[in-house]
>>> print(open('entry_30.cif').read())   # mmCIF, C-alpha atoms and all ligand atoms
data_start
#
loop_
_atom_site.label_atom_id
_atom_site.label_comp_id
_atom_site.auth_asym_id
_atom_site.auth_seq_id
_atom_site.Cartn_x
_atom_site.Cartn_y
_atom_site.Cartn_z
CA MET A 388 -71.04 -107.22 23.30
CA GLN A 389 -72.82 -110.45 22.28
CA PRO A 390 -75.30 -110.39 19.35
CA GLY A 391 -78.13 -111.76 21.54
CA GLU A 392 -77.83 -108.79 23.88
CA VAL A 393 -78.47 -106.19 21.20
CA TRP A 394 -80.68 -108.07 18.75
CA GLY A 395 -83.05 -109.58 21.32
CA ASN A 396 -85.90 -111.50 19.72
CA ARG A 397 -84.45 -111.20 16.26
CA TRP A 398 -81.45 -113.22 17.43
CA SER A 399 -83.32 -115.82 19.45
CA ASN A 400 -85.95 -116.38 16.75
CA ALA A 401 -83.56 -116.57 13.80
CA VAL A 402 -83.60 -119.91 12.01
CA LEU A 403 -81.62 -119.34 8.83
CA PRO A 404 -77.85 -119.44 9.51
CA MET A 405 -77.35 -116.38 7.27
CA ALA A 406 -79.52 -114.29 9.61
CA ARG A 407 -77.27 -115.08 12.56
CA ARG A 408 -74.18 -114.49 10.48
CA TYR A 409 -75.39 -111.03 9.56
CA MET A 410 -76.20 -110.16 13.16
CA GLU A 411 -72.77 -111.41 14.28
CA VAL A 412 -70.93 -109.32 11.70
CA ALA A 413 -73.08 -106.24 12.39
CA THR A 414 -72.45 -106.58 16.12
CA GLN A 415 -68.74 -107.06 15.67
CA LYS A 416 -68.52 -103.99 13.44
CA GLN A 417 -71.18 -102.00 15.31
CA SER A 418 -72.72 -101.17 11.96
CA LEU A 419 -76.03 -102.01 10.30
CA VAL A 420 -74.83 -100.61 6.99
CA CYS A 421 -74.99 -102.46 3.70
CA LEU A 422 -73.12 -100.53 1.04
CA ALA A 423 -74.87 -100.39 -2.34
CA ALA A 424 -71.67 -100.37 -4.36
CA ASP A 425 -73.14 -99.00 -7.57
CA ARG A 426 -69.92 -98.06 -9.35
CA ASN A 427 -69.14 -99.10 -12.91
CA THR A 428 -65.49 -100.09 -12.92
CA MET A 429 -63.62 -102.82 -11.09
CA SER A 430 -60.92 -100.41 -9.90
CA SER A 431 -63.35 -97.87 -8.42
CA LEU A 432 -65.28 -100.69 -6.74
CA LEU A 433 -62.13 -102.12 -5.17
CA GLU A 434 -61.04 -98.69 -4.01
CA LEU A 435 -64.45 -98.07 -2.43
CA ILE A 436 -64.56 -101.42 -0.60
CA ASN A 437 -61.10 -100.87 0.82
CA GLU A 438 -62.06 -97.39 2.01
CA VAL A 439 -65.35 -98.24 3.70
CA GLY A 440 -64.89 -101.97 4.46
CA PRO A 441 -64.28 -101.44 8.20
CA TYR A 442 -67.56 -99.52 8.66
CA ILE A 443 -70.03 -101.75 6.82
CA ALA A 444 -71.47 -105.21 7.45
CA ALA A 445 -72.53 -106.17 3.93
CA LEU A 446 -71.64 -105.36 0.36
CA LYS A 447 -74.48 -105.11 -2.15
CA THR A 448 -73.57 -105.50 -5.80
CA HIS A 449 -75.20 -105.25 -9.21
CA VAL A 450 -72.83 -107.57 -11.03
CA ASP A 451 -74.26 -106.70 -14.46
CA LEU A 452 -73.57 -102.97 -14.33
CA VAL A 453 -69.78 -103.22 -14.26
CA ASP A 454 -68.20 -102.14 -17.56
CA ASP A 455 -64.93 -104.07 -17.28
CA TRP A 456 -66.24 -107.17 -15.46
CA SER A 457 -64.12 -110.33 -15.60
CA PRO A 458 -64.32 -113.57 -13.59
CA GLU A 459 -60.78 -113.10 -12.24
CA GLY A 460 -61.37 -109.48 -11.27
CA TRP A 461 -64.62 -110.38 -9.55
CA LYS A 462 -62.98 -113.18 -7.59
CA ALA A 463 -60.33 -110.75 -6.37
CA LEU A 464 -63.07 -108.30 -5.34
CA CYS A 465 -64.93 -110.99 -3.40
CA ASP A 466 -61.67 -111.96 -1.68
CA VAL A 467 -61.21 -108.37 -0.55
CA ALA A 468 -64.81 -108.28 0.69
CA LYS A 469 -64.16 -111.46 2.70
CA GLN A 470 -60.99 -109.96 4.19
CA HIS A 471 -63.23 -107.17 5.49
CA ASN A 472 -65.64 -109.81 6.84
CA LEU A 473 -68.53 -108.62 4.63
CA LEU A 474 -71.58 -110.55 3.56
CA ILE A 475 -71.87 -110.39 -0.22
CA PHE A 476 -75.32 -109.56 -1.49
CA GLU A 477 -76.14 -109.64 -5.21
CA ASP A 478 -79.19 -107.50 -5.80
CA ARG A 479 -80.30 -109.43 -8.88
CA LYS A 480 -84.04 -109.10 -8.21
CA PHE A 481 -84.82 -112.51 -9.70
CA ALA A 482 -88.43 -112.78 -10.83
CA ASP A 483 -88.76 -115.72 -13.23
CA ILE A 484 -90.16 -119.19 -12.54
CA GLY A 485 -88.18 -121.35 -10.09
CA LYS A 486 -86.15 -123.42 -12.54
CA ILE A 487 -85.08 -120.43 -14.65
CA SER A 488 -84.12 -118.39 -11.61
CA LYS A 489 -82.07 -121.39 -10.53
CA SER A 490 -80.25 -121.41 -13.88
CA GLN A 491 -79.69 -117.67 -13.68
CA MET A 492 -77.77 -118.26 -10.46
CA SER A 493 -75.08 -119.92 -12.61
CA GLY A 494 -74.30 -118.69 -16.14
CA ILE A 495 -71.40 -116.35 -16.79
CA TYR A 496 -71.64 -114.50 -13.46
CA ASP A 497 -72.07 -117.70 -11.42
CA ILE A 498 -73.85 -115.77 -8.67
CA ARG A 499 -74.46 -118.92 -6.59
CA SER A 500 -70.72 -119.38 -6.01
CA TRP A 501 -70.00 -116.04 -4.37
CA SER A 502 -73.26 -114.48 -3.14
CA ASP A 503 -74.47 -114.94 0.43
CA ILE A 504 -77.74 -113.12 -0.20
CA VAL A 505 -79.83 -112.35 -3.29
CA THR A 506 -83.05 -110.41 -3.87
CA ALA A 507 -86.16 -111.79 -5.56
CA HIS A 508 -89.66 -110.66 -6.43
CA LEU A 509 -92.40 -113.15 -5.53
CA ILE A 510 -94.49 -112.23 -8.57
CA SER A 511 -94.02 -115.67 -10.16
CA GLY A 512 -94.95 -117.56 -6.97
CA PRO A 513 -93.13 -119.10 -3.97
CA ASP A 514 -91.13 -121.71 -5.93
CA ILE A 515 -88.60 -119.06 -6.86
CA VAL A 516 -87.16 -119.36 -3.33
CA ASP A 517 -86.66 -123.13 -3.74
CA GLY A 518 -85.03 -122.53 -7.12
CA LEU A 519 -82.53 -120.07 -5.67
CA GLN A 520 -81.76 -122.25 -2.63
CA SER A 521 -81.27 -125.30 -4.81
CA ALA A 522 -78.72 -123.36 -6.90
CA TRP A 523 -76.70 -122.65 -3.75
CA LYS A 524 -77.09 -126.28 -2.65
CA ASP A 525 -75.56 -127.50 -5.92
CA VAL A 526 -72.31 -125.78 -4.93
CA ASN A 527 -72.60 -126.84 -1.28
CA ARG A 528 -73.56 -123.43 -0.02
CA GLU A 529 -76.59 -121.97 1.71
CA GLY A 530 -77.61 -118.35 1.29
CA GLY A 531 -80.55 -116.18 2.17
CA VAL A 532 -83.22 -114.68 -0.06
CA LEU A 533 -84.58 -111.19 0.53
CA LEU A 534 -88.05 -110.79 -0.98
CA LEU A 535 -89.20 -107.41 -2.19
CA ALA A 536 -92.20 -106.58 -0.02
CA GLN A 537 -91.98 -102.83 -0.65
CA MET A 538 -89.91 -100.55 -2.86
CA SER A 539 -88.46 -97.11 -2.32
CA SER A 540 -89.19 -95.73 -5.78
CA ARG A 541 -92.06 -93.39 -6.52
CA GLY A 542 -95.11 -94.93 -8.17
CA ASN A 543 -94.01 -98.55 -7.75
CA LEU A 544 -96.70 -101.20 -8.19
CA LEU A 545 -96.17 -103.14 -4.96
CA THR A 546 -99.55 -102.45 -3.37
CA GLU A 547 -100.30 -103.10 0.28
CA GLU A 548 -102.32 -106.14 -0.67
CA TYR A 549 -99.42 -107.54 -2.72
CA SER A 550 -96.99 -106.77 0.07
CA GLU A 551 -99.17 -108.61 2.59
CA LYS A 552 -99.18 -111.70 0.38
CA VAL A 553 -95.40 -111.60 -0.04
CA VAL A 554 -94.99 -111.49 3.73
CA GLU A 555 -97.58 -114.21 4.32
CA LYS A 556 -95.73 -116.61 1.99
CA GLY A 557 -92.24 -115.44 2.89
CA ILE A 558 -92.45 -115.91 6.64
CA GLN A 559 -93.31 -119.58 6.11
CA SER A 560 -90.32 -120.23 3.90
CA HIS A 561 -87.05 -121.46 5.43
CA GLY A 562 -84.87 -120.06 2.64
CA VAL A 563 -86.13 -116.52 3.12
CA LEU A 564 -83.78 -114.31 5.11
CA GLY A 565 -86.31 -111.51 5.14
CA PHE A 566 -87.78 -108.66 3.17
CA ILE A 567 -86.84 -105.46 1.43
CA GLY A 568 -88.87 -102.64 2.98
CA ASN A 569 -89.18 -99.02 1.98
CA GLY A 570 -86.68 -97.04 4.05
CA SER A 571 -88.05 -93.74 2.87
CA ARG A 572 -91.37 -94.16 4.71
CA PRO A 573 -91.01 -95.13 8.41
CA ASP A 574 -94.80 -95.51 8.79
CA GLU A 575 -94.95 -98.10 6.01
CA LEU A 576 -92.00 -99.84 7.64
CA LYS A 577 -93.74 -100.02 10.99
CA ASP A 578 -96.72 -101.70 9.33
CA LEU A 579 -94.40 -104.08 7.54
CA ARG A 580 -92.63 -104.99 10.78
CA GLN A 581 -95.97 -105.75 12.41
CA ARG A 582 -96.86 -108.14 9.61
CA VAL A 583 -93.42 -109.74 9.47
CA GLY A 584 -93.17 -110.39 13.21
CA GLU A 585 -89.86 -111.03 14.98
CA GLN A 586 -88.31 -113.88 13.04
CA LYS A 587 -87.36 -112.48 9.65
CA MET A 588 -85.23 -109.49 8.78
CA ILE A 589 -86.17 -106.24 7.06
CA TRP A 590 -83.48 -104.52 4.99
CA THR A 591 -84.15 -101.01 3.72
CA PRO A 592 -82.92 -99.00 0.74
CA GLY A 593 -84.10 -95.42 0.19
CA VAL A 594 -82.19 -94.03 3.16
CA ASN A 595 -79.87 -91.04 3.23
CA ILE A 596 -78.79 -88.57 5.89
CA ALA A 597 -80.10 -85.96 3.42
CA VAL A 598 -83.77 -86.97 3.29
CA GLY A 599 -85.97 -86.03 0.31
CA ASP A 600 -86.32 -86.95 -3.34
CA GLY A 601 -83.42 -88.50 -5.25
CA GLU A 602 -82.76 -89.06 -8.93
CA MET A 603 -85.36 -90.69 -11.20
CA GLY A 604 -88.06 -91.28 -8.63
CA GLN A 605 -85.87 -92.50 -5.77
CA ARG A 606 -87.00 -91.28 -2.34
CA TYR A 607 -84.96 -91.01 0.85
CA GLY A 608 -85.83 -91.19 4.53
CA SER A 609 -83.71 -91.00 7.66
CA PRO A 610 -81.59 -94.10 8.39
CA TYR A 611 -82.10 -93.64 12.15
CA ASP A 612 -85.90 -93.56 11.78
CA ALA A 613 -85.83 -96.64 9.54
CA VAL A 614 -84.06 -98.72 12.20
CA ILE A 615 -86.35 -97.44 14.95
CA ALA A 616 -89.34 -98.40 12.74
CA GLY A 617 -88.06 -101.97 12.46
CA SER A 618 -85.33 -102.13 9.82
CA ASP A 619 -82.39 -104.43 10.58
CA CYS A 620 -80.06 -103.15 7.87
CA ILE A 621 -79.82 -99.85 6.05
CA ILE A 622 -78.81 -100.08 2.40
CA VAL A 623 -76.88 -96.94 1.48
CA GLY A 624 -75.61 -96.23 -2.03
CA SER A 625 -74.94 -92.73 -3.30
CA GLY A 626 -75.02 -91.38 0.28
CA ILE A 627 -71.63 -93.10 0.64
CA HIS A 628 -70.13 -93.75 -2.78
CA ARG A 629 -70.80 -90.26 -4.12
CA ASN A 630 -69.57 -88.51 -0.99
CA GLU A 631 -66.19 -86.84 -1.30
CA ASN A 632 -65.02 -88.70 1.80
CA PRO A 633 -66.65 -92.16 1.65
CA SER A 634 -64.91 -93.60 4.71
CA GLU A 635 -65.79 -90.67 6.97
CA ILE A 636 -69.46 -90.68 5.92
CA ALA A 637 -69.68 -94.50 6.12
CA LYS A 638 -68.45 -94.24 9.69
CA GLN A 639 -71.26 -91.75 10.42
CA TYR A 640 -73.89 -94.06 8.90
CA ALA A 641 -72.46 -96.92 10.97
CA GLN A 642 -72.65 -94.95 14.23
CA LEU A 643 -76.17 -93.73 13.48
CA SER A 644 -77.46 -97.18 12.64
CA TRP A 645 -75.84 -98.81 15.66
CA GLN A 646 -77.15 -96.14 18.02
CA ALA A 647 -80.63 -96.64 16.55
CA LEU A 648 -80.45 -100.38 17.21
CA LEU A 649 -79.38 -99.75 20.82
CA ASP A 650 -82.21 -97.22 21.23
CA ARG A 651 -84.70 -99.67 19.72
O1 LIG B 701 -86.91 -100.57 -3.57
C1 LIG B 701 -85.70 -100.60 -3.75
C2 LIG B 701 -84.98 -101.79 -3.68
C3 LIG B 701 -83.60 -101.77 -3.83
S1 LIG B 701 -82.75 -103.22 -3.54
N1 LIG B 701 -85.01 -99.45 -3.96
C4 LIG B 701 -83.65 -99.41 -4.14
O2 LIG B 701 -83.10 -98.31 -4.32
N2 LIG B 701 -82.93 -100.60 -4.11
C5 LIG B 701 -81.46 -100.60 -4.35
O3 LIG B 701 -80.81 -99.83 -3.34
C6 LIG B 701 -81.03 -99.99 -5.68
O4 LIG B 701 -80.90 -101.01 -6.65
C7 LIG B 701 -79.69 -99.33 -5.36
O5 LIG B 701 -78.63 -100.24 -5.55
C8 LIG B 701 -79.77 -99.02 -3.88
C9 LIG B 701 -80.07 -97.57 -3.52
O6 LIG B 701 -79.04 -96.72 -3.91
P1 LIG B 701 -79.03 -95.17 -3.51
O7 LIG B 701 -77.88 -94.62 -4.27
O8 LIG B 701 -80.33 -94.58 -3.93
O9 LIG B 701 -78.81 -95.11 -2.02
#
>>> encode(input="entry_30.cif", output="structure tokens")
Amino acid sequence: MQPGEVWGNRWSNAVLPMARRYMEVATQKQSLVCLAADRNTMSSLLELINEVGPYIAALKTHVDLVDDWSPEGWKALCDVAKQHNLLIFEDRKFADIGKISKSQMSGIYDIRSWSDIVTAHLISGPDIVDGLQSAWKDVNREGGVLLLAQMSSRGNLLTEEYSEKVVEKGIQSHGVLGFIGNGSRPDELKDLRQRVGEQKMIWTPGVNIAVGDGEMGQRYGSPYDAVIAGSDCIIVGSGIHRNENPSEIAKQYAQLSWQALLDR
């Protein structure tokens, strides 16, 4: 199956190369799953990626929560992710002014050199996107920025008005791959999709086959409903990495998400 056949307008309207790359990988793997690999040791991360690599399209990391992080170990992990043909997404949630966010793409973690996608809040204004893209450019790479338009956590301060402004600015910006939307509330997602239109992506955390409230204010909705409501990628963390059989459950998330895309 060709990506254009399943992704329709999202494929034909995509401008940023990273958007097409994601849709190609997702089509090839028949999975819209991004694994939120929130484990604290290099060995358990590697083990997890090797187990679920065939069933996911992207790997989301929090590079600063790993206890035994080292540059060599991280390079090896990224190599394994590439062998599984995964996009690497550092969920850094940058929020500072453009030039500082740019600098934070280098530093000890050197995020610009291995990430394909990063997250950012638009609270400091639209120049943050230029800062992040210019960091990638300095190492001859081009990535995609996902802006937080909604959040999945209870009581978050991203009001509808704020969200509308993020979308308004974000859809005009070349370096923006798309938006983070709240996977736990399909109705909010539908509204977001209407505002975003057909060109940019919506990726959604806060999804779990077991819907309901999670730890510390996290909320979960159905991954199938999220895709039907307009999500292009479901971000699944504990639903996979805390399951006793991560590969089997990842396969189920993959099938569910792919079926939802076909049904959409
Ligand atoms: O609003 C948000 C945005 C993000 S990126 N809510 C979230 O939960 N996330 C991230 O998604 C969060 O940082 C975590 O890595 C993942 C959700 O993990 P889970 O274990 O709750 O599925």
>>> residues_near_ligand(input="entry_30.cif", ligand="ligand LIG 701 (chain B)", cutoff="7 Å", atoms="only C-alpha atoms and all ligand atoms", output="JSON, numbers by chain")
{"A": [423, 425, 478, 537, 538, 539, 540, 567, 569, 592, 593, 594, 595, 601, 605, 622, 623, 624, 625, 626]}
>>> atom_distance(input="entry_30.cif", atom1="atom CA of A:Pro404", atom2="atom CA of A:Trp501")
16.3 Å
>>> residues_near_point(input="entry_30.cif", point="(-80.0, -106.2, 0.9)", cutoff="9 Å", atoms="all atoms listed in the file", output="list in words")
Cys421, Leu422, Ala423, Ala445, Leu446, Lys447, Phe476, Glu477, Asp478, Ile504, Val505, Thr506, Leu533, Phe566, Ile567, Ile589, Trp590, Thr591, Pro592, Cys620, Ile621 and Ile622 of chain A
>>> write_last_selection(input="entry_30.cif", atoms="C-alpha atoms", output="PDB file, in the frame of the given file")
ATOM      1  CA  CYS A 421     -74.990-102.460   3.700  1.00  0.00           C
ATOM      2  CA  LEU A 422     -73.120-100.530   1.040  1.00  0.00           C
ATOM      3  CA  ALA A 423     -74.870-100.390  -2.340  1.00  0.00           C
ATOM      4  CA  ALA A 445     -72.530-106.170   3.930  1.00  0.00           C
ATOM      5  CA  LEU A 446     -71.640-105.360   0.360  1.00  0.00           C
ATOM      6  CA  LYS A 447     -74.480-105.110  -2.150  1.00  0.00           C
ATOM      7  CA  PHE A 476     -75.320-109.560  -1.490  1.00  0.00           C
ATOM      8  CA  GLU A 477     -76.140-109.640  -5.210  1.00  0.00           C
ATOM      9  CA  ASP A 478     -79.190-107.500  -5.800  1.00  0.00           C
ATOM     10  CA  ILE A 504     -77.740-113.120  -0.200  1.00  0.00           C
ATOM     11  CA  VAL A 505     -79.830-112.350  -3.290  1.00  0.00           C
ATOM     12  CA  THR A 506     -83.050-110.410  -3.870  1.00  0.00           C
ATOM     13  CA  LEU A 533     -84.580-111.190   0.530  1.00  0.00           C
ATOM     14  CA  PHE A 566     -87.780-108.660   3.170  1.00  0.00           C
ATOM     15  CA  ILE A 567     -86.840-105.460   1.430  1.00  0.00           C
ATOM     16  CA  ILE A 589     -86.170-106.240   7.060  1.00  0.00           C
ATOM     17  CA  TRP A 590     -83.480-104.520   4.990  1.00  0.00           C
ATOM     18  CA  THR A 591     -84.150-101.010   3.720  1.00  0.00           C
ATOM     19  CA  PRO A 592     -82.920 -99.000   0.740  1.00  0.00           C
ATOM     20  CA  CYS A 620     -80.060-103.150   7.870  1.00  0.00           C
ATOM     21  CA  ILE A 621     -79.820 -99.850   6.050  1.00  0.00           C
ATOM     22  CA  ILE A 622     -78.810-100.080   2.400  1.00  0.00           C
TER      23      ILE A 622
END
>>> residues_around(input="entry_30.cif", residues="stretch 452-465 of chain A", least_positions_apart="2", cutoff="9 Å", atoms="only C-alpha atoms", output="list in words")
Asp425, Arg426, Asn427, Thr428, Met429, Leu432, Leu433, Ile436, Thr448, His449, Val450, Val467, Ala468, Lys469, Gln470, Ile475, Ile495, Tyr496 and Trp501 of chain A
>>> residues_around(input="entry_30.cif", residues="A:Gly530", least_positions_apart="6", cutoff="12 Å", atoms="only C-alpha atoms", output="NGL selection string")
:A and (403-409 or 474-477 or 492 or 498-506 or 516-524 or 561-565)
>>> atom_distance(input="entry_30.cif", atom1="atom CA of A:Arg629", atom2="atom CA of A:Gly617")
26.6 Å
>>> atom_distance(input="entry_30.cif", atom1="atom CA of A:Gln642", atom2="atom CA of A:Ser418")
6.6 Å
>>> closest_residue(input="entry_30.cif", among="A:Glu411, A:Glu434, A:Asp600, A:Glu547", to="A:His628", atoms="only C-alpha atoms")
A:Glu434
>>> closest_residue(input="entry_30.cif", among="A:Ala597, A:Lys489, A:Ser430, A:Ala647", to="A:Asn630", atoms="only C-alpha atoms")
A:Ala597
>>> closest_residue(input="entry_30.cif", among="A:Val439, A:Ala536, A:Met410, A:Ala424", to="A:Ala641", atoms="all atoms listed in the file")
A:Val439
>>> residues_around(input="entry_30.cif", residues="A:Gln646", least_positions_apart="3", cutoff="10 Å", atoms="all atoms listed in the file", output="PDB file with C-alpha atoms, in the frame of the given file")
ATOM      1  CA  GLN A 417     -71.180-102.000  15.310  1.00  0.00           C
ATOM      2  CA  SER A 418     -72.720-101.170  11.960  1.00  0.00           C
ATOM      3  CA  LEU A 419     -76.030-102.010  10.300  1.00  0.00           C
ATOM      4  CA  TYR A 611     -82.100 -93.640  12.150  1.00  0.00           C
ATOM      5  CA  VAL A 614     -84.060 -98.720  12.200  1.00  0.00           C
ATOM      6  CA  ILE A 615     -86.350 -97.440  14.950  1.00  0.00           C
ATOM      7  CA  TYR A 640     -73.890 -94.060   8.900  1.00  0.00           C
ATOM      8  CA  ALA A 641     -72.460 -96.920  10.970  1.00  0.00           C
ATOM      9  CA  GLN A 642     -72.650 -94.950  14.230  1.00  0.00           C
ATOM     10  CA  LEU A 643     -76.170 -93.730  13.480  1.00  0.00           C
ATOM     11  CA  LEU A 649     -79.380 -99.750  20.820  1.00  0.00           C
ATOM     12  CA  ASP A 650     -82.210 -97.220  21.230  1.00  0.00           C
ATOM     13  CA  ARG A 651     -84.700 -99.670  19.720  1.00  0.00           C
TER      14      ARG A 651
END
>>> closest_residue(input="entry_30.cif", among="A:Asp483, A:Glu438, A:Asp619, A:Glu575", to="A:His471", atoms="all atoms listed in the file")
A:Glu438
>>> residues_around(input="entry_30.cif", residues="A:Gly608", least_positions_apart="3", cutoff="6 Å", atoms="all atoms listed in the file", output="ChimeraX atom specification")
/A:570-571,594,598
>>> write_last_selection(input="entry_30.cif", atoms="C-alpha atoms", output="compact mmCIF listing (two decimals), keeping the file's coordinate frame")
# COMPACT_ATOMS: atom_id res chain seq x y z
CA GLY A 570 -86.68 -97.04 4.05
CA SER A 571 -88.05 -93.74 2.87
CA VAL A 594 -82.19 -94.03 3.16
CA VAL A 598 -83.77 -86.97 3.29
>>> closest_residue(input="entry_30.cif", among="A:Ile596, A:Val402, A:Ala616, A:Ile487", to="A:Leu576", atoms="all atoms listed in the file")
A:Ala616
>>> build_atoms(input="entry_30.cif", residues="stretch 633-649 of chain A", atoms="N, CA, C and O atoms", output="CSV table (one decimal), keeping the file's coordinate frame")
chain,number,residue,atom,x,y,z
A,633,PRO,N,-65.8,-91.0,1.4
A,633,PRO,CA,-66.6,-92.2,1.6
A,633,PRO,C,-66.4,-92.8,3.0
A,633,PRO,O,-67.3,-93.2,3.7
A,634,SER,N,-65.1,-92.9,3.5
A,634,SER,CA,-64.9,-93.6,4.7
A,634,SER,C,-65.5,-92.8,5.9
A,634,SER,O,-66.1,-93.4,6.8
A,635,GLU,N,-65.3,-91.5,5.9
A,635,GLU,CA,-65.8,-90.7,7.0
A,635,GLU,C,-67.3,-90.7,7.0
A,635,GLU,O,-67.9,-90.9,8.1
A,636,ILE,N,-68.0,-90.7,5.9
A,636,ILE,CA,-69.5,-90.7,5.9
A,636,ILE,C,-70.0,-92.1,6.2
A,636,ILE,O,-71.0,-92.2,7.0
A,637,ALA,N,-69.3,-93.1,5.8
A,637,ALA,CA,-69.7,-94.5,6.1
A,637,ALA,C,-69.6,-94.7,7.6
A,637,ALA,O,-70.5,-95.4,8.2
A,638,LYS,N,-68.6,-94.1,8.2
A,638,LYS,CA,-68.4,-94.2,9.7
A,638,LYS,C,-69.7,-93.6,10.4
A,638,LYS,O,-70.2,-94.1,11.3
A,639,GLN,N,-70.1,-92.4,9.8
A,639,GLN,CA,-71.3,-91.8,10.4
A,639,GLN,C,-72.5,-92.6,10.3
A,639,GLN,O,-73.3,-92.7,11.2
A,640,TYR,N,-72.7,-93.2,9.1
A,640,TYR,CA,-73.9,-94.1,8.9
A,640,TYR,C,-73.8,-95.2,9.9
A,640,TYR,O,-74.8,-95.7,10.4
A,641,ALA,N,-72.6,-95.8,10.1
A,641,ALA,CA,-72.5,-96.9,11.0
A,641,ALA,C,-72.9,-96.5,12.4
A,641,ALA,O,-73.7,-97.2,13.0
A,642,GLN,N,-72.4,-95.4,12.9
A,642,GLN,CA,-72.6,-95.0,14.2
A,642,GLN,C,-74.1,-94.7,14.4
A,642,GLN,O,-74.7,-95.1,15.4
A,643,LEU,N,-74.7,-94.0,13.4
A,643,LEU,CA,-76.2,-93.7,13.5
A,643,LEU,C,-77.0,-95.0,13.6
A,643,LEU,O,-77.9,-95.1,14.4
A,644,SER,N,-76.7,-96.0,12.7
A,644,SER,CA,-77.5,-97.2,12.6
A,644,SER,C,-77.3,-98.0,13.9
A,644,SER,O,-78.3,-98.6,14.4
A,645,TRP,N,-76.1,-98.0,14.4
A,645,TRP,CA,-75.8,-98.8,15.7
A,645,TRP,C,-76.6,-98.2,16.8
A,645,TRP,O,-77.2,-98.9,17.7
A,646,GLN,N,-76.5,-96.9,16.9
A,646,GLN,CA,-77.2,-96.1,18.0
A,646,GLN,C,-78.7,-96.4,17.9
A,646,GLN,O,-79.3,-96.6,19.0
A,647,ALA,N,-79.2,-96.4,16.7
A,647,ALA,CA,-80.6,-96.6,16.6
A,647,ALA,C,-81.0,-98.0,17.0
A,647,ALA,O,-82.0,-98.2,17.7
A,648,LEU,N,-80.2,-99.0,16.7
A,648,LEU,CA,-80.4,-100.4,17.2
A,648,LEU,C,-80.4,-100.4,18.7
A,648,LEU,O,-81.3,-101.0,19.4
A,649,LEU,N,-79.5,-99.8,19.4
A,649,LEU,CA,-79.4,-99.8,20.8
A,649,LEU,C,-80.6,-99.1,21.4
A,649,LEU,O,-81.2,-99.5,22.3
